[in-house]
Each structure stands twice: as structure tokens, then as C-alpha cells.
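Inspection log for the structure reproduced underneath, given as C-alpha cells.
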Amino acid sequence: MLHRVVIGAAVASLAIASMASAQQRGVTKDEVLFGMPTDLSGVAATYGVSSSNAVKMRFDEVNEAGGIEGRKLRVIVEDQAYQVPKAVQACNKLINRDNVFAFVGPLGTPMNNACFKEQFEAGVANLFPLSAARSMYEPYERLKFYGAASYVDQIRSAVDYFVKNKGKKAVCVMYQDTDFGKEILIGAEIQTKKLNVKLVEAAGHKPTDQDFTASLTKLKSAGCDLILMGTIVRDSIVPYTAARKMGWTDVDFIGSAAVYDLVVGKAPGMDGFYGMGLTEMPYVDSDNPKVKAFVEAYKKKFNIEPNIGAVYGYVAADLTVQGLKNAGKDLTMDSFVKGLEAIKGYQDIFNGPPVTFGPNIRQGASSSFLALVKDGRWTRVTQPLGF
């Protein structure tokens, strides 16, 4: 009798486990479905298109090798055009209509922030977003995972370097008046206060602004000798080249990892512009054979050379793959979270910093390095900087 009870209990446990797996949103015995709300048509499309390509590329590599525990990986990409209302619509569709397992590589600080509440209430994880705002991992939420230095980390490192090594004394900030741009301002405020250096002036603008004359005039009149840029691509290129054309050469401009992009480096007149880097830039003539192979494979697949957004997308997808492998065959959100938390000392192929998570660790790394545009290319200036 006891033998039958034990067997019956075991069968019931297996049935419950099977049912839990079957009921897990976005997971079947054959597939794991991910969502990616990103910018395919707006001001940050250079990142959105390339990162979504790279996520598909990494998932295709896994699928061609048989998937994970027999499951193929699929991602649905939704365009949010770097606009919050469209981002909310895209997130709603992915959560409520497509029933995705998790978001991978979602782009934009304000766009991610706008989706978090509904996303987490539905049990949809947010994996390795293309935003370095602290809100991507703070406050603690078990379904948030971010793998690199925050904008605040990066800008604090930049201020520390330029004040101590270049003798800068009049720090200013030019920033998008968005959640993203304000992170740059906060980083500047924290580190200038710590070093007892004056934060002289700040000038905000909209992401869609075309003319930066007023901002530049304001900052030049303030006597800035270092300008921290809370900008992305176009709003980095236009004001920097305009400042140089107007003869303002005794000031250094430096942006976060958001400016560390091939488009910015290649733009005419950008030599001398600084940015904070997280990984090696994907140049086709890279000395790193793995990076070179990635560039060639990406170009063959998409008929275009990858930019840094492709690097971020590929790493986001690969970290997701590591978490899925660690989760095992019975894939639930609980087992997946534990699988991500088991990642220790992960090293990507682009010389990024080692990434480690844990039960209470949702930011996998915190270092960045200083890079400079020279002859149309990004050149690494320092070893990793951080706190």
C-alpha cells in the first residue's frame, strides 16, 4: 500500500511539473518565444536595426545546432520608433497578444521604464536592454537583468579621469531632456561634488531637436572646459562639429557608451571626440579573430557591416542562451531566473568585462573605458575604469 502511495505521489509530482512547464507563457516543447520592442525607424534606429539583426543571428546559430533542450528560439521584433507611446503599444502587443516569455535587448531608457509595470505584472523578464540607466537594474526586481556599466558609472569614470589626468575644472553637461539624458546629468553631479569641482552649466534639448546653437552659446559663455554629452548619434555629431567650426577648440566633449558608435566615429569632423566604451568596436580588420569572424558572418547574413548596436544585441542574445542552458529542460521563469543567476565570469567575444549575476545581483558588470575618435575610427585610450 505504501509502495503505491509513493509511486502515486511521484507520478502526481511529474504531472504537476509537466503542467507548470506547459503553462509557462512563451514556452512550448518546441519553442521559446521572445519579444524585442526597439527602434527600427526613429532617431535610434541605427541601434535598433543592428541589435535586432544580431539577436536573430545568435538565435539562428543556436537553432541550427538543434536549439536548447529541443526548443528553437524565436524573437518577435516590434518597432517603437524611440517614442514612449509607441513603445507602450509595442510592449502591450508582445505581452498580451504574442504572449512572449521575455523581452531581450529592448531599446531606450524612457521606453523600458514605461513598460516595466505591466511587463513584470505579467511575469515577463527584461533581459539586457540597450539602455544603461540604473533603472534597468534598480530598484531590485527579480525579472530585471542588465550586464554592463550604467550611464552614471560611465560618466563618473569620465569626470574622474579628465579632472585628475587633464586638469579640467569647469564641467558642463549637454543632454537630452529625457530619462536617459538625466542619468548623464546625475553622474556629473555626483562626481563633481565628490572631487570638489564646479558643475558650471547644463543645457537640455529634445531628442528630435535639429539646431543646437542656443545650447552651445550658453555653454561657451559659461567657460566650460569639459562637456559631458547626454546624447546619442545626431545630437552628438551636430553640436560637436558646430563647436569646432565656430572655433571653440579649448574644450573636450565626451559622451557615454550611447555615442560610442561607428556612425559617430565615421562622421566628418568628429576627430577628437571622446566616448565611454563597453566592448571592442566591431571593425572588420580587428586583431581579435572572433570579432573579425563575427563581422564577416554578420555582413554575409545582412549585407551590411555591424555597428556597436549589433555587438550589444549579440551579447544580449548570448547571455540569454547561457541562462536557458543553465535552466535545463523544465523551463519555467523560476528555473530561467536561477539559470541567469548562475552565470559567473561570463566573457563575451568582444573583450567586454566579465559578467556575473547572483540571487541579489542584477548588474553584471560596472567598468567602462575611455575611447577617442582618431582618423575616423574609435581608439581605446585607457584600461577599464570604474568604481
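To be explicit about the labels: the chains of the C-alpha cells are called A, B, and onward in the order shown, and within each one the residues are counted from 1, while ligands get numbers from 1 in the order they are shown.
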
Quiz item: Hey, what does DSSP flag as helix (DSSP H, G or I) within region 157-373 of chain A? Can you give it to me as a PyMOL selection string?
Solution: chain A and resi 157-166+179-195+213-221+234-245+262-266+289-302+308-327+333-341

Restrict the selected residues to C-alpha atoms and save them as a compact mmCIF listing (two decimals), in the first residue's frame.
# COMPACT_ATOMS: atom_id res chain seq x y z
CA SER A 157 34.59 57.49 -14.59
CA ALA A 158 34.92 60.12 -17.33
CA VAL A 159 34.81 63.05 -14.89
CA ASP A 160 37.29 61.32 -12.61
CA TYR A 161 39.70 60.75 -15.49
CA PHE A 162 39.53 64.24 -17.02
CA VAL A 163 39.76 66.09 -13.71
CA LYS A 164 42.67 64.03 -12.38
CA ASN A 165 44.57 63.50 -15.64
CA LYS A 166 43.67 66.54 -17.76
CA ASP A 179 15.24 59.83 -18.59
CA PHE A 180 18.40 58.87 -20.47
CA GLY A 181 19.90 62.36 -20.56
CA LYS A 182 19.16 63.00 -16.90
CA GLU A 183 21.27 59.96 -15.97
CA ILE A 184 24.26 61.74 -17.52
CA LEU A 185 23.46 64.87 -15.53
CA ILE A 186 23.17 62.86 -12.32
CA GLY A 187 26.52 61.15 -12.92
CA ALA A 188 28.14 64.54 -13.47
CA GLU A 189 26.59 65.97 -10.30
CA ILE A 190 27.75 63.03 -8.18
CA GLN A 191 31.37 63.00 -9.33
CA THR A 192 31.99 66.76 -9.49
CA LYS A 193 30.71 67.03 -5.95
CA LYS A 194 32.95 64.19 -4.84
CA LEU A 195 36.01 65.83 -6.46
CA THR A 213 23.14 76.96 -31.42
CA ALA A 214 21.43 78.18 -28.25
CA SER A 215 22.86 75.35 -26.16
CA LEU A 216 26.38 75.84 -27.49
CA THR A 217 26.23 79.61 -26.94
CA LYS A 218 25.06 79.06 -23.37
CA LEU A 219 27.84 76.59 -22.61
CA LYS A 220 30.57 78.62 -24.29
CA SER A 221 29.55 81.71 -22.34
CA ARG A 234 22.86 63.00 -34.49
CA ASP A 235 22.71 65.20 -31.38
CA SER A 236 26.36 64.28 -30.74
CA ILE A 237 27.65 64.91 -34.26
CA VAL A 238 25.90 68.22 -35.00
CA PRO A 239 26.85 70.17 -31.85
CA TYR A 240 30.43 68.86 -31.74
CA THR A 241 31.20 69.76 -35.36
CA ALA A 242 29.39 73.10 -34.95
CA ALA A 243 31.52 73.96 -31.91
CA ARG A 244 34.72 73.21 -33.80
CA LYS A 245 33.58 75.25 -36.82
CA LEU A 262 30.58 53.64 -35.90
CA VAL A 263 28.31 56.35 -37.33
CA VAL A 264 29.64 58.89 -34.83
CA GLY A 265 33.24 57.86 -35.43
CA LYS A 266 32.97 57.98 -39.23
CA PRO A 289 39.86 36.72 -34.75
CA LYS A 290 36.48 36.15 -33.04
CA VAL A 291 35.43 39.74 -33.66
CA LYS A 292 36.62 39.52 -37.25
CA ALA A 293 34.65 36.31 -37.78
CA PHE A 294 31.54 37.93 -36.27
CA VAL A 295 31.83 40.94 -38.58
CA GLU A 296 32.20 38.72 -41.65
CA ALA A 297 29.27 36.48 -40.65
CA TYR A 298 27.01 39.46 -39.89
CA LYS A 299 27.88 41.16 -43.18
CA LYS A 300 27.21 37.94 -45.11
CA LYS A 301 23.84 37.48 -43.42
CA PHE A 302 22.54 41.06 -43.57
CA ILE A 308 28.16 48.59 -31.82
CA GLY A 309 24.41 48.00 -31.54
CA ALA A 310 24.96 44.64 -33.20
CA VAL A 311 27.55 43.82 -30.55
CA TYR A 312 25.10 44.67 -27.77
CA GLY A 313 22.35 42.62 -29.41
CA TYR A 314 24.59 39.60 -29.92
CA VAL A 315 25.84 39.67 -26.32
CA ALA A 316 22.27 40.10 -25.02
CA ALA A 317 21.17 37.06 -27.01
CA ASP A 318 24.19 35.02 -25.93
CA LEU A 319 23.65 35.79 -22.25
CA THR A 320 20.02 34.76 -22.72
CA VAL A 321 21.22 31.50 -24.26
CA GLN A 322 23.51 30.86 -21.28
CA GLY A 323 20.57 31.36 -18.91
CA LEU A 324 18.40 28.95 -20.93
CA LYS A 325 21.13 26.30 -20.92
CA ASN A 326 21.53 26.63 -17.16
CA ALA A 327 17.74 26.41 -16.67
CA MET A 333 10.52 31.60 -15.39
CA ASP A 334 11.77 30.44 -11.98
CA SER A 335 14.26 27.99 -13.48
CA PHE A 336 15.34 30.60 -16.03
CA VAL A 337 15.97 33.25 -13.37
CA LYS A 338 18.08 30.74 -11.45
CA GLY A 339 19.89 29.93 -14.69
CA LEU A 340 20.78 33.59 -15.19
CA GLU A 341 21.82 33.92 -11.57

Quiz prompt | Selection near Gln383 (chain A), 12 Å with only C-alpha atoms, sequence-local residues under 5 positions removed, as a ChimeraX atom specification | solution = /A:157,161,276-280,351-353,367-371

Self-check item: Counting only C-alpha atoms, the option among A:Ala133, A:Ile361, A:Ala267, A:Ile349 closest to Asp375 (chain A)
Solution: A:Ala267

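Picture a line from CA of Gly123 (chain A) to CA of Phe34 (chain A); it runs 12.8 Å.
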
Practice problem: Would you work out the distance separating CA of Met174 (chain A) from CA of Ile227 (chain A), expressed in Å to one decimal? | Solution: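 So the answer is 6.7 Å.
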
Self-check item: Selection: 8 Å around Val200 (chain A), only C-alpha atoms, excl. self and same-chain fewer than 2 positions, as a PyMOL selection string
Solution: chain A and resi 170-172+198+202+222+224

Can I get the selection written as a PDB file, in the first residue's frame, with C-alpha atoms?
ATOM      1  CA  ALA A 170      34.772  73.804 -15.401  1.00  0.00           C
ATOM      2  CA  VAL A 171      32.499  70.846 -16.124  1.00  0.00           C
ATOM      3  CA  CYS A 172      29.288  71.262 -18.129  1.00  0.00           C
ATOM      4  CA  LYS A 198      32.281  73.010 -10.093  1.00  0.00           C
ATOM      5  CA  ALA A 202      23.821  72.385 -18.121  1.00  0.00           C
ATOM      6  CA  ALA A 222      29.848  79.686 -19.128  1.00  0.00           C
ATOM      7  CA  CYS A 224      33.244  75.164 -19.924  1.00  0.00           C
TER       8      CYS A 224
END

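When CA of Val124 (chain A) is paired with CA of Asn360 (chain A), their separation reads 18.4 Å.
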
Exercise. Go through A:Ser150, A:Pro37, A:Val251, A:Asp261 one by one, measure the shortest atom-to-atom distance of each to Glu138 (chain A) using only C-alpha atoms, and give the residue with the smallest value.
Key: A:Ser150

Quiz item: Between A:Arg134, A:Arg156, A:Arg58, A:Lys206, which is the closest to Thr178 (chain A) once you count only C-alpha atoms?
Solution: A:Lys206

Quiz item: Taking only C-alpha atoms into account, which of A:Val355, A:Leu331, A:Met281, A:Cys91 comes nearest Gln23 (chain A)?
Solution: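 Among the listed residues, A:Leu331 lies closest to Gln23 (chain A).
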